[in-house]
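Peer 1: Please see the structure below; I have some questions.
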Amino acid sequence: PDFNRIWKDAQGQGGALATAVQSAIADQQFVASIDLHNNTGHNPYYSVVTDLESHNLGLAYLFSDKAVYVEEPDTVLTRVFTGRCPAVALEVGPVGDPRCADRVYDYVARCMALDGVPEAAPEQFSLFRTRVRVHIQDEVSFRFEGDDGSEDPAPLVLTGGVEAVN
């Protein structure tokens with residue numbers, strides 16, 4: 001299962017795990033929730049927030065002056081903590097890049113040294129808002145332009161090199 005999408009109404013083993021975790025933490029108090037994500041492509045370091053509350057933005061700003069505000073999907077972990085504590089997801093770069101690990105270590109160390117979660121305002125960021133998500137139905141065959149095997153017929157051909165303009 002996609003563990004970024006199991007935190008609401010998920011079925012199967014992932015949904016059962018998410019339900020068990022949420023039950024186990026239901027009565028706990030938290031200072032903050034920090035969800036660490038690796039990603040692919042040529043992305044800058046950035047934060048993802050699902051709520052523009054000033055403490056969520058403060059956690060985000062400690063990591064990067066770039067952030068994305070998302071309302072969809074509502075199945076992400078940060079939604080579990082909405083209203084309970086400041087919550088942020090950090091897009092930390094590709095697996096295996098030692099700079100990413102160093103950056104995360106530095107961020108967590110700085111958070112652990114804080115007396116409280118700082119506040120920030122949207123004006124402090126290059127703040128982007130996700131307005132559209134594209135879903136390709138499972139039965140639709142697709143490929144990226146320029147992929148190996150580009151001679152294979154596919155009803156949907158997506159522009160190649162998308163991560164370069166992410």
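Lettering and numbering for the structure tokens are positional, with chains as A, B, ... in the shown order, residues counted from 1 in each chain, and ligands counted from 1 in the shown order.
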Determine, for each residue of range 7-39 of chain A having at least one atom at most 10 Å from an atom of range 61-85 of chain A, the closest pair of atoms and their separation in Å to one decimal, counting only C-alpha atoms; order by chain and ascending number, as a tab-separated table.
Peer 2:
```
residue	atom	partner	partner_atom	distance
A:Trp7	CA	A:Thr75	CA	4.8
A:Lys8	CA	A:Thr75	CA	4.8
A:Asp9	CA	A:Thr75	CA	7.7
A:Ala10	CA	A:Thr75	CA	8.2
A:Ala18	CA	A:Leu77	CA	9.3
A:Gln22	CA	A:Val80	CA	7.9
A:Ala26	CA	A:Val80	CA	9.9
A:Gln28	CA	A:Arg84	CA	9.5
A:Gln29	CA	A:Arg84	CA	7.6
A:Phe30	CA	A:Cys85	CA	6.0
A:Val31	CA	A:Cys85	CA	6.0
A:Ala32	CA	A:Cys85	CA	5.3
A:Ser33	CA	A:Cys85	CA	6.9
A:Ile34	CA	A:Thr78	CA	8.1
A:Asp35	CA	A:Leu77	CA	7.3
```
Peer 1: Determine which residues of range 2-136 of chain A DSSP labels as strand (DSSP E or B) from the backbone of this structure, then write them out as a ChimeraX atom specification.
Peer 2: /A:33-37,46-49,66-69,87-91,126-129
Peer 1: Could you pull the residues within 8 Å of range 36-38 of chain A, counting only C-alpha atoms, minus those fewer than 2 positions along the same chain, as a PyMOL selection string?
Peer 2: chain A and resi 34+40+89-95
Peer 1: Grab the residues selected above and save them as a CSV table (one decimal), in the first residue's frame with N, CA, C and O atoms.
Peer 2:
```csv
chain,number,residue,atom,x,y,z
A,34,ILE,N,6.0,15.3,12.3
A,34,ILE,CA,6.8,15.6,11.1
A,34,ILE,C,6.9,14.3,10.3
A,34,ILE,O,7.4,13.3,10.8
A,40,THR,N,11.3,11.8,-5.9
A,40,THR,CA,12.1,11.5,-7.1
A,40,THR,C,12.3,12.8,-7.9
A,40,THR,O,11.6,13.8,-7.7
A,89,ALA,N,4.6,17.7,6.4
A,89,ALA,CA,5.3,16.7,5.6
A,89,ALA,C,6.5,17.4,4.9
A,89,ALA,O,6.3,18.5,4.4
A,90,LEU,N,7.7,16.7,5.0
A,90,LEU,CA,8.8,17.3,4.4
A,90,LEU,C,9.3,16.5,3.2
A,90,LEU,O,9.4,15.2,3.3
A,91,GLU,N,9.5,17.1,2.1
A,91,GLU,CA,10.0,16.4,0.9
A,91,GLU,C,11.5,16.6,0.9
A,91,GLU,O,12.0,17.7,0.6
A,92,VAL,N,12.2,15.5,1.2
A,92,VAL,CA,13.6,15.7,1.5
A,92,VAL,C,14.6,15.2,0.4
A,92,VAL,O,15.8,15.3,0.6
A,93,GLY,N,14.1,14.8,-0.7
A,93,GLY,CA,14.9,14.5,-1.8
A,93,GLY,C,15.0,13.0,-2.0
A,93,GLY,O,14.4,12.2,-1.4
A,94,PRO,N,15.9,12.6,-3.0
A,94,PRO,CA,15.9,11.2,-3.4
A,94,PRO,C,16.6,10.3,-2.4
A,94,PRO,O,17.5,10.7,-1.7
A,95,VAL,N,16.2,9.0,-2.4
A,95,VAL,CA,16.8,8.0,-1.5
A,95,VAL,C,18.3,7.9,-1.9
A,95,VAL,O,18.6,7.9,-3.1
```
Peer 1: Name the residues of range 73-106 of chain A that come out as helix (DSSP H, G or I) in a backbone DSSP run; write them as a ChimeraX atom specification.
Peer 2: /A:77-81,98-106
Peer 1: If you keep C-alpha atoms, can you produce a file of those selected residues as a short mmCIF file (atom, residue, chain, number, x, y, z; two decimals), in the first residue's frame?
Peer 2:
```
data_model
loop_
_atom_site.label_atom_id
_atom_site.label_comp_id
_atom_site.auth_asym_id
_atom_site.auth_seq_id
_atom_site.Cartn_x
_atom_site.Cartn_y
_atom_site.Cartn_z
CA LEU A 77 -0.79 11.53 7.81
CA THR A 78 -0.76 15.28 8.46
CA ARG A 79 -4.57 15.19 8.41
CA VAL A 80 -4.55 12.77 11.36
CA PHE A 81 -2.86 15.47 13.44
CA PRO A 98 23.64 11.89 1.66
CA ARG A 99 22.82 15.63 1.51
CA CYS A 100 19.19 14.73 2.13
CA ALA A 101 20.02 12.69 5.21
CA ASP A 102 22.21 15.50 6.54
CA ARG A 103 19.45 18.05 5.95
CA VAL A 104 16.88 15.92 7.78
CA TYR A 105 19.26 15.28 10.68
CA ASP A 106 19.91 19.01 11.00
#
```
Peer 1: Compare A:Ala121, A:Ala154, A:Ala87, A:Ile136 by their minimum atom-to-atom distance to Ser54 in chain A, counting only C-alpha atoms, and give me the closest one.
Peer 2: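 Once distances to Ser54 in chain A are computed over only C-alpha atoms, the minimum belongs to A:Ala121.
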Peer 1: How many Å separate CA of Cys111 in chain A from CA of Tyr45 in chain A?
Peer 2: 16.9 Å
Peer 1: Provide the CA of Phe128 in chain A to CA of Val48 in chain A distance in Å, to one decimal place.
Peer 2: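 Separation between CA of Phe128 in chain A and CA of Val48 in chain A: 9.4 Å.
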Peer 1: How many Å separate CA of Met112 in chain A from CA of Asp97 in chain A?
Peer 2: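 CA of Met112 in chain A sits 23.3 Å away from CA of Asp97 in chain A.
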Peer 1: Just want the 9 Å neighbourhood of Thr159 in chain A, counted on only C-alpha atoms, with same-chain residues fewer than 5 positions away dropped. Output as a PyMOL selection string.
Peer 2: chain A and resi 143-146
